[in-house]
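File shown: query_26.cif. Contents: mmCIF, N, CA and C atoms.
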```cif
data_data
loop_
_atom_site.label_atom_id
_atom_site.label_comp_id
_atom_site.auth_asym_id
_atom_site.auth_seq_id
_atom_site.Cartn_x
_atom_site.Cartn_y
_atom_site.Cartn_z
N MET A 9 111.88 316.91 117.32
CA MET A 9 113.11 317.39 116.73
C MET A 9 112.97 318.88 116.50
N ARG A 10 113.77 319.63 117.19
CA ARG A 10 113.68 321.08 117.13
C ARG A 10 114.15 321.61 115.78
N GLY A 11 113.38 322.52 115.18
CA GLY A 11 113.76 323.16 113.93
C GLY A 11 113.47 322.34 112.69
N VAL A 12 112.81 321.19 112.85
CA VAL A 12 112.50 320.33 111.71
C VAL A 12 111.00 320.38 111.48
N PRO A 13 110.56 320.56 110.23
CA PRO A 13 109.12 320.59 109.95
C PRO A 13 108.46 319.29 110.41
N LEU A 14 107.23 319.41 110.91
CA LEU A 14 106.51 318.27 111.44
C LEU A 14 106.34 317.16 110.40
N SER A 15 106.07 317.52 109.16
CA SER A 15 105.87 316.50 108.12
C SER A 15 107.16 315.70 107.89
N PHE A 16 108.30 316.37 107.95
CA PHE A 16 109.59 315.72 107.77
C PHE A 16 109.85 314.76 108.94
N GLU A 17 109.52 315.21 110.15
CA GLU A 17 109.70 314.38 111.34
C GLU A 17 108.83 313.13 111.25
N ARG A 18 107.59 313.28 110.79
CA ARG A 18 106.70 312.12 110.64
C ARG A 18 107.26 311.12 109.63
N THR A 19 107.80 311.64 108.54
CA THR A 19 108.39 310.78 107.52
C THR A 19 109.55 309.97 108.10
N LEU A 20 110.40 310.62 108.88
CA LEU A 20 111.53 309.92 109.50
C LEU A 20 111.06 308.88 110.50
N ARG A 21 110.07 309.21 111.30
CA ARG A 21 109.57 308.25 112.30
C ARG A 21 108.97 307.02 111.65
N LYS A 22 108.24 307.21 110.55
CA LYS A 22 107.63 306.08 109.85
C LYS A 22 108.69 305.16 109.26
N SER A 23 109.80 305.72 108.83
CA SER A 23 110.81 304.92 108.15
C SER A 23 111.81 304.26 109.10
N LYS A 24 111.85 304.65 110.37
CA LYS A 24 112.84 304.12 111.30
C LYS A 24 112.79 302.59 111.43
N PRO A 25 111.62 301.96 111.63
CA PRO A 25 111.60 300.50 111.71
C PRO A 25 112.04 299.85 110.39
N PHE A 26 111.78 300.52 109.31
CA PHE A 26 112.14 300.06 107.98
C PHE A 26 113.65 299.86 107.87
N TYR A 27 114.43 300.85 108.35
CA TYR A 27 115.88 300.77 108.28
C TYR A 27 116.44 299.76 109.27
N GLY A 28 115.90 299.72 110.47
CA GLY A 28 116.39 298.82 111.51
C GLY A 28 116.27 297.36 111.11
N SER A 29 115.14 296.98 110.52
CA SER A 29 114.97 295.59 110.12
C SER A 29 115.96 295.21 109.03
N THR A 30 116.31 296.15 108.17
CA THR A 30 117.28 295.88 107.11
C THR A 30 118.67 295.67 107.70
N THR A 31 119.04 296.44 108.70
CA THR A 31 120.33 296.25 109.36
C THR A 31 120.41 294.87 109.97
N ASN A 32 119.34 294.44 110.65
CA ASN A 32 119.32 293.10 111.22
C ASN A 32 119.43 292.03 110.13
N SER A 33 118.82 292.28 108.97
CA SER A 33 118.91 291.33 107.86
C SER A 33 120.34 291.23 107.33
N LEU A 34 121.06 292.36 107.29
CA LEU A 34 122.45 292.34 106.85
C LEU A 34 123.32 291.55 107.83
N ILE A 35 123.05 291.71 109.10
CA ILE A 35 123.80 290.95 110.13
C ILE A 35 123.54 289.47 109.96
N ALA A 36 122.27 289.09 109.75
CA ALA A 36 121.92 287.68 109.54
C ALA A 36 122.58 287.15 108.26
N TYR A 37 122.63 287.98 107.23
CA TYR A 37 123.25 287.57 105.96
C TYR A 37 124.73 287.24 106.16
N GLN A 38 125.40 288.01 107.00
CA GLN A 38 126.82 287.74 107.26
C GLN A 38 127.01 286.35 107.84
N ASP A 39 126.09 285.92 108.68
CA ASP A 39 126.21 284.60 109.30
C ASP A 39 125.89 283.47 108.32
N HIS A 40 124.89 283.71 107.45
CA HIS A 40 124.45 282.68 106.50
C HIS A 40 124.15 283.30 105.14
N PRO A 41 125.19 283.62 104.36
CA PRO A 41 124.96 284.26 103.06
C PRO A 41 124.29 283.30 102.07
N SER A 42 123.41 283.85 101.26
CA SER A 42 122.76 283.06 100.20
C SER A 42 122.44 283.99 99.04
N ALA A 43 122.30 283.42 97.86
CA ALA A 43 122.01 284.20 96.66
C ALA A 43 120.64 284.87 96.77
N GLU A 44 119.67 284.15 97.34
CA GLU A 44 118.32 284.70 97.49
C GLU A 44 118.32 285.91 98.42
N GLN A 45 119.02 285.77 99.54
CA GLN A 45 119.09 286.87 100.51
C GLN A 45 119.85 288.06 99.93
N LYS A 46 120.89 287.79 99.15
CA LYS A 46 121.65 288.85 98.52
C LYS A 46 120.75 289.66 97.58
N GLN A 47 119.97 288.96 96.78
CA GLN A 47 119.05 289.61 95.85
C GLN A 47 117.99 290.42 96.61
N TYR A 48 117.47 289.83 97.69
CA TYR A 48 116.46 290.51 98.51
C TYR A 48 117.03 291.80 99.11
N LEU A 49 118.24 291.73 99.67
CA LEU A 49 118.83 292.90 100.32
C LEU A 49 119.16 294.00 99.31
N SER A 50 119.58 293.62 98.13
CA SER A 50 119.85 294.61 97.08
C SER A 50 118.54 295.31 96.68
N ALA A 51 117.47 294.54 96.53
CA ALA A 51 116.16 295.12 96.20
C ALA A 51 115.66 295.99 97.34
N ARG A 52 115.91 295.56 98.56
CA ARG A 52 115.49 296.33 99.74
C ARG A 52 116.20 297.68 99.78
N PHE A 53 117.49 297.69 99.44
CA PHE A 53 118.25 298.93 99.36
C PHE A 53 117.59 299.88 98.37
N ASP A 54 117.26 299.34 97.18
CA ASP A 54 116.62 300.17 96.16
C ASP A 54 115.28 300.70 96.64
N GLU A 55 114.56 299.88 97.40
CA GLU A 55 113.25 300.30 97.93
C GLU A 55 113.42 301.43 98.94
N ILE A 56 114.42 301.32 99.80
CA ILE A 56 114.64 302.33 100.84
C ILE A 56 115.18 303.62 100.24
N PHE A 57 116.25 303.50 99.46
CA PHE A 57 116.95 304.69 99.01
C PHE A 57 116.53 305.16 97.62
N GLY A 58 115.60 304.46 96.99
CA GLY A 58 115.11 304.86 95.68
C GLY A 58 113.99 305.88 95.75
N ARG A 59 113.63 306.26 96.94
CA ARG A 59 112.54 307.22 97.12
C ARG A 59 112.99 308.64 96.82
N CYS A 60 112.02 309.47 96.50
CA CYS A 60 112.29 310.89 96.26
C CYS A 60 111.21 311.69 96.98
N TYR A 61 111.62 312.63 97.80
CA TYR A 61 110.69 313.46 98.55
C TYR A 61 110.77 314.89 98.01
N LEU A 62 109.82 315.24 97.18
CA LEU A 62 109.84 316.55 96.52
C LEU A 62 109.78 317.72 97.50
N HIS A 63 109.09 317.51 98.63
CA HIS A 63 108.95 318.58 99.61
C HIS A 63 110.12 318.64 100.59
N HIS A 64 111.03 317.69 100.47
CA HIS A 64 112.19 317.63 101.37
C HIS A 64 113.46 317.44 100.53
N PRO A 65 113.94 318.51 99.91
CA PRO A 65 115.12 318.37 99.03
C PRO A 65 116.37 317.88 99.76
N THR A 66 116.52 318.22 101.03
CA THR A 66 117.69 317.76 101.78
C THR A 66 117.66 316.25 101.92
N LEU A 67 116.51 315.71 102.26
CA LEU A 67 116.36 314.26 102.39
C LEU A 67 116.56 313.58 101.03
N SER A 68 115.99 314.13 99.99
CA SER A 68 116.15 313.56 98.65
C SER A 68 117.61 313.55 98.22
N ASN A 69 118.34 314.61 98.52
CA ASN A 69 119.77 314.67 98.19
C ASN A 69 120.56 313.61 98.95
N ALA A 70 120.23 313.43 100.22
CA ALA A 70 120.91 312.42 101.03
C ALA A 70 120.64 311.02 100.47
N LEU A 71 119.39 310.74 100.13
CA LEU A 71 119.04 309.43 99.55
C LEU A 71 119.77 309.21 98.24
N ASN A 72 119.90 310.27 97.45
CA ASN A 72 120.61 310.18 96.18
C ASN A 72 122.08 309.82 96.40
N GLN A 73 122.69 310.38 97.43
CA GLN A 73 124.09 310.06 97.73
C GLN A 73 124.23 308.58 98.10
N PHE A 74 123.27 308.06 98.85
CA PHE A 74 123.29 306.64 99.18
C PHE A 74 123.20 305.80 97.90
N ARG A 75 122.30 306.18 97.01
CA ARG A 75 122.15 305.43 95.74
C ARG A 75 123.44 305.43 94.94
N GLN A 76 124.12 306.57 94.91
CA GLN A 76 125.37 306.66 94.16
C GLN A 76 126.47 305.78 94.75
N ASN A 77 126.39 305.49 96.04
CA ASN A 77 127.41 304.68 96.71
C ASN A 77 126.92 303.27 97.03
N LYS A 78 125.90 302.80 96.32
CA LYS A 78 125.30 301.50 96.61
C LYS A 78 126.33 300.38 96.62
N GLU A 79 127.21 300.35 95.63
CA GLU A 79 128.20 299.27 95.52
C GLU A 79 129.08 299.20 96.77
N GLN A 80 129.54 300.35 97.24
CA GLN A 80 130.38 300.38 98.44
C GLN A 80 129.59 300.03 99.69
N LEU A 81 128.37 300.55 99.78
CA LEU A 81 127.56 300.31 100.98
C LEU A 81 127.12 298.86 101.11
N LEU A 82 126.96 298.18 99.99
CA LEU A 82 126.53 296.78 100.02
C LEU A 82 127.68 295.81 99.72
N ARG A 83 128.89 296.26 99.92
CA ARG A 83 130.05 295.40 99.70
C ARG A 83 129.96 294.12 100.54
N VAL A 84 129.29 294.20 101.67
CA VAL A 84 129.14 293.04 102.54
C VAL A 84 128.41 291.90 101.84
N LEU A 85 127.62 292.20 100.81
CA LEU A 85 126.92 291.14 100.09
C LEU A 85 127.89 290.29 99.27
N ASP A 86 128.99 290.89 98.83
CA ASP A 86 130.01 290.15 98.09
C ASP A 86 131.07 289.56 99.01
N LYS A 87 131.30 290.24 100.13
CA LYS A 87 132.33 289.81 101.08
C LYS A 87 131.73 289.82 102.49
N PRO A 88 131.00 288.76 102.87
CA PRO A 88 130.30 288.74 104.16
C PRO A 88 131.20 288.84 105.39
N ASN A 89 132.50 288.61 105.22
CA ASN A 89 133.40 288.65 106.38
C ASN A 89 133.82 290.06 106.78
N ILE A 90 133.51 291.08 105.97
CA ILE A 90 133.90 292.44 106.35
C ILE A 90 132.89 293.00 107.35
N PRO A 91 133.36 293.83 108.28
CA PRO A 91 132.44 294.36 109.30
C PRO A 91 131.47 295.39 108.70
N LEU A 92 130.32 295.53 109.33
CA LEU A 92 129.32 296.51 108.90
C LEU A 92 129.58 297.89 109.48
N HIS A 93 130.63 298.04 110.25
CA HIS A 93 130.95 299.31 110.90
C HIS A 93 132.42 299.62 110.71
N ASN A 94 132.83 300.79 111.11
CA ASN A 94 134.24 301.17 111.01
C ASN A 94 134.81 301.49 112.39
N ASN A 95 134.35 300.78 113.40
CA ASN A 95 134.81 301.06 114.76
C ASN A 95 136.32 300.92 114.91
N ALA A 96 136.92 299.95 114.22
CA ALA A 96 138.38 299.77 114.32
C ALA A 96 139.11 300.99 113.79
N ALA A 97 138.66 301.50 112.66
CA ALA A 97 139.29 302.70 112.08
C ALA A 97 139.09 303.90 112.99
N GLU A 98 137.89 304.03 113.55
CA GLU A 98 137.60 305.15 114.45
C GLU A 98 138.52 305.11 115.67
N SER A 99 138.68 303.94 116.26
CA SER A 99 139.52 303.85 117.46
C SER A 99 140.99 304.03 117.12
N ASP A 100 141.40 303.67 115.89
CA ASP A 100 142.79 303.88 115.50
C ASP A 100 143.15 305.36 115.44
N ILE A 101 142.23 306.21 115.02
CA ILE A 101 142.56 307.64 114.93
C ILE A 101 142.22 308.42 116.19
N ARG A 102 141.52 307.80 117.13
CA ARG A 102 141.11 308.52 118.33
C ARG A 102 142.29 309.10 119.09
N GLU A 103 143.38 308.35 119.23
CA GLU A 103 144.54 308.85 119.97
C GLU A 103 145.16 310.06 119.26
N PHE A 104 145.23 310.02 117.93
CA PHE A 104 145.76 311.16 117.18
C PHE A 104 144.97 312.42 117.51
N VAL A 105 143.66 312.30 117.43
CA VAL A 105 142.78 313.46 117.63
C VAL A 105 142.89 313.97 119.06
N THR A 106 142.89 313.07 120.03
CA THR A 106 142.98 313.47 121.43
C THR A 106 144.28 314.21 121.71
N ARG A 107 145.37 313.66 121.24
CA ARG A 107 146.68 314.31 121.47
C ARG A 107 146.74 315.68 120.78
N ARG A 108 146.19 315.76 119.58
CA ARG A 108 146.20 317.03 118.86
C ARG A 108 145.39 318.08 119.62
N LYS A 109 144.24 317.68 120.16
CA LYS A 109 143.40 318.63 120.90
C LYS A 109 144.08 319.09 122.18
N ILE A 110 144.68 318.16 122.89
CA ILE A 110 145.33 318.50 124.17
C ILE A 110 146.53 319.41 123.94
N SER A 111 147.34 319.07 122.95
CA SER A 111 148.58 319.84 122.73
C SER A 111 148.34 321.11 121.94
N GLY A 112 147.20 321.22 121.30
CA GLY A 112 146.95 322.39 120.46
C GLY A 112 147.66 322.28 119.12
N GLY A 113 148.07 321.08 118.76
CA GLY A 113 148.74 320.87 117.49
C GLY A 113 150.25 320.93 117.65
N THR A 114 150.93 320.96 116.53
CA THR A 114 152.38 321.04 116.56
C THR A 114 152.80 322.37 115.92
N ARG A 115 154.05 322.74 116.13
CA ARG A 115 154.52 324.03 115.62
C ARG A 115 154.99 323.94 114.17
N SER A 116 155.30 322.75 113.71
CA SER A 116 155.82 322.63 112.35
C SER A 116 155.30 321.35 111.70
N GLU A 117 155.47 321.29 110.40
CA GLU A 117 155.10 320.08 109.64
C GLU A 117 155.96 318.90 110.08
N ALA A 118 157.23 319.15 110.35
CA ALA A 118 158.13 318.09 110.82
C ALA A 118 157.66 317.55 112.17
N GLY A 119 157.20 318.43 113.05
CA GLY A 119 156.69 318.00 114.34
C GLY A 119 155.44 317.14 114.20
N ARG A 120 154.56 317.52 113.27
CA ARG A 120 153.35 316.74 113.04
C ARG A 120 153.71 315.35 112.52
N LYS A 121 154.64 315.30 111.57
CA LYS A 121 155.05 314.01 111.01
C LYS A 121 155.68 313.12 112.08
N ALA A 122 156.50 313.72 112.94
CA ALA A 122 157.15 312.96 114.01
C ALA A 122 156.11 312.41 114.98
N ARG A 123 155.16 313.25 115.38
CA ARG A 123 154.10 312.80 116.29
C ARG A 123 153.30 311.67 115.67
N ASP A 124 152.88 311.85 114.42
CA ASP A 124 152.08 310.84 113.74
C ASP A 124 152.84 309.53 113.59
N THR A 125 154.14 309.62 113.29
CA THR A 125 154.96 308.42 113.15
C THR A 125 155.06 307.68 114.47
N MET A 126 155.31 308.41 115.55
CA MET A 126 155.45 307.76 116.85
C MET A 126 154.14 307.10 117.31
N ILE A 127 153.03 307.77 117.11
CA ILE A 127 151.74 307.19 117.50
C ILE A 127 151.46 305.96 116.64
N GLY A 128 151.77 306.05 115.34
CA GLY A 128 151.57 304.90 114.45
C GLY A 128 152.42 303.71 114.87
N LEU A 129 153.67 303.97 115.21
CA LEU A 129 154.55 302.89 115.68
C LEU A 129 154.02 302.27 116.97
N LYS A 130 153.57 303.12 117.87
CA LYS A 130 153.04 302.64 119.15
C LYS A 130 151.85 301.70 118.92
N LYS A 131 150.94 302.10 118.04
CA LYS A 131 149.76 301.29 117.75
C LYS A 131 150.15 299.98 117.05
N THR A 132 151.09 300.06 116.12
CA THR A 132 151.53 298.85 115.40
C THR A 132 152.18 297.87 116.36
N ILE A 133 153.04 298.35 117.24
CA ILE A 133 153.71 297.49 118.21
C ILE A 133 152.68 296.85 119.14
N ALA A 134 151.67 297.61 119.56
CA ALA A 134 150.63 297.06 120.43
C ALA A 134 149.86 295.95 119.72
N GLN A 135 149.55 296.14 118.44
CA GLN A 135 148.82 295.11 117.70
C GLN A 135 149.67 293.86 117.51
N ILE A 136 150.95 294.05 117.19
CA ILE A 136 151.84 292.90 117.02
C ILE A 136 152.00 292.16 118.34
N ARG A 137 152.14 292.92 119.43
CA ARG A 137 152.27 292.30 120.76
C ARG A 137 151.06 291.45 121.07
N ASP A 138 149.86 291.97 120.78
CA ASP A 138 148.65 291.21 121.05
C ASP A 138 148.60 289.93 120.22
N LEU A 139 148.98 290.01 118.95
CA LEU A 139 149.02 288.82 118.10
C LEU A 139 150.05 287.83 118.61
N PHE A 140 151.22 288.34 119.00
CA PHE A 140 152.29 287.49 119.50
C PHE A 140 151.88 286.78 120.79
N LEU A 141 151.30 287.53 121.71
CA LEU A 141 150.87 286.92 122.97
C LEU A 141 149.74 285.94 122.76
N GLY A 142 148.88 286.20 121.78
CA GLY A 142 147.78 285.29 121.47
C GLY A 142 148.27 283.93 121.02
N VAL A 143 149.42 283.89 120.34
CA VAL A 143 149.99 282.63 119.88
C VAL A 143 150.35 281.75 121.08
N PHE A 144 150.82 282.37 122.18
CA PHE A 144 151.23 281.60 123.34
C PHE A 144 150.10 281.31 124.31
N THR A 145 149.14 282.22 124.42
CA THR A 145 148.09 282.01 125.41
C THR A 145 147.07 280.95 125.00
N VAL A 146 146.84 280.76 123.72
CA VAL A 146 145.87 279.74 123.28
C VAL A 146 146.35 278.35 123.65
N PRO A 147 147.63 277.95 123.32
CA PRO A 147 148.08 276.62 123.72
C PRO A 147 148.15 276.47 125.25
N LEU A 148 148.50 277.53 125.96
CA LEU A 148 148.57 277.43 127.42
C LEU A 148 147.18 277.23 128.02
N ALA A 149 146.16 277.85 127.43
CA ALA A 149 144.82 277.71 127.95
C ALA A 149 144.31 276.28 127.76
N ARG A 150 144.75 275.63 126.69
CA ARG A 150 144.31 274.24 126.44
C ARG A 150 144.93 273.28 127.42
N GLY A 151 146.09 273.65 127.90
CA GLY A 151 146.63 272.93 128.96
C GLY A 151 147.59 271.89 128.87
#
```
Would you encode the structure as structure tokens?
Amino acid sequence: MRGVPLSFERTLRKSKPFYGSTTNSLIAYQDHPSAEQKQYLSARFDEIFGRCYLHHPTLSNALNQFRQNKEQLLRVLDKPNIPLHNNAAESDIREFVTRRKISGGTRSEAGRKARDTMIGLKKTIAQIRDLFLGVFTVPLARG
């Protein structure tokens, strides 16, 4: 890692398997939630993000931010049906960003609102269409 002190890089490399196994545990928890696993994952979070690196203030600050948002980050422990990622939200705004970059923006606030409204309507109609078509294709597939 260019521009990063060697000791910091070593610390990150040592902790990488630590984080990956926890992600896999969260995925497994979603499939089969249990009180024991919930308690284990909460303790694991504290173990990972409860550390303090005196020689790496940037890392310590980042870990502190995770600790402050523990309830939000571990919401999946209370509601296992929520996704662990925000891919749906990311893809929802992708078209807005792409159009804004291509067009260079709009000339007025009214133009921005009109563009955003039209894109929002387009996405909503597409989602409703998919739900509507799904109602008919499932019975047809059964035969």
**OP:** Using only C-alpha atoms, pick whichever of A:Cys60, A:Arg137, A:Gly128, A:Arg52 has the shortest atom-to-atom distance to Arg102 in chain A.
**Re:**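 Selected residue with least distance to Arg102 in chain A: A:Gly128.
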Original post:
Which residues fall under the PyMOL selection byres ((chain A and resi 74-89) around 6) in this file, as a ChimeraX atom specification?
Top reply: /A:38,46,57,70-73,90-91
Subject >> Between atom C of Ser33 in chain A and atom C of Tyr48 in chain A, distance in Å (one decimal) >> reply: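 So the answer is 8.9 Å.
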**OP:** State, in Å with one decimal place, the distance from CA of Tyr37 in chain A to CA of Arg59 in chain A.
**Re:**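 About the pair CA of Tyr37 in chain A and CA of Arg59 in chain A: they are 24.1 Å apart.
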**OP:** Record the distance separating atom N of Asn69 in chain A and CA of Asn32 in chain A, expressed in Å with one decimal.
**Re:**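 About the pair atom N of Asn69 in chain A and CA of Asn32 in chain A: they are 25.0 Å apart.
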**OP:** Apply DSSP to the structure's backbone, then extract all residues of range 16-139 of chain A labelled alpha helix (DSSP H) and return them as a ChimeraX atom specification.
**Re:** /A:16-39,43-57,65-76,78-81,95-111,117-139
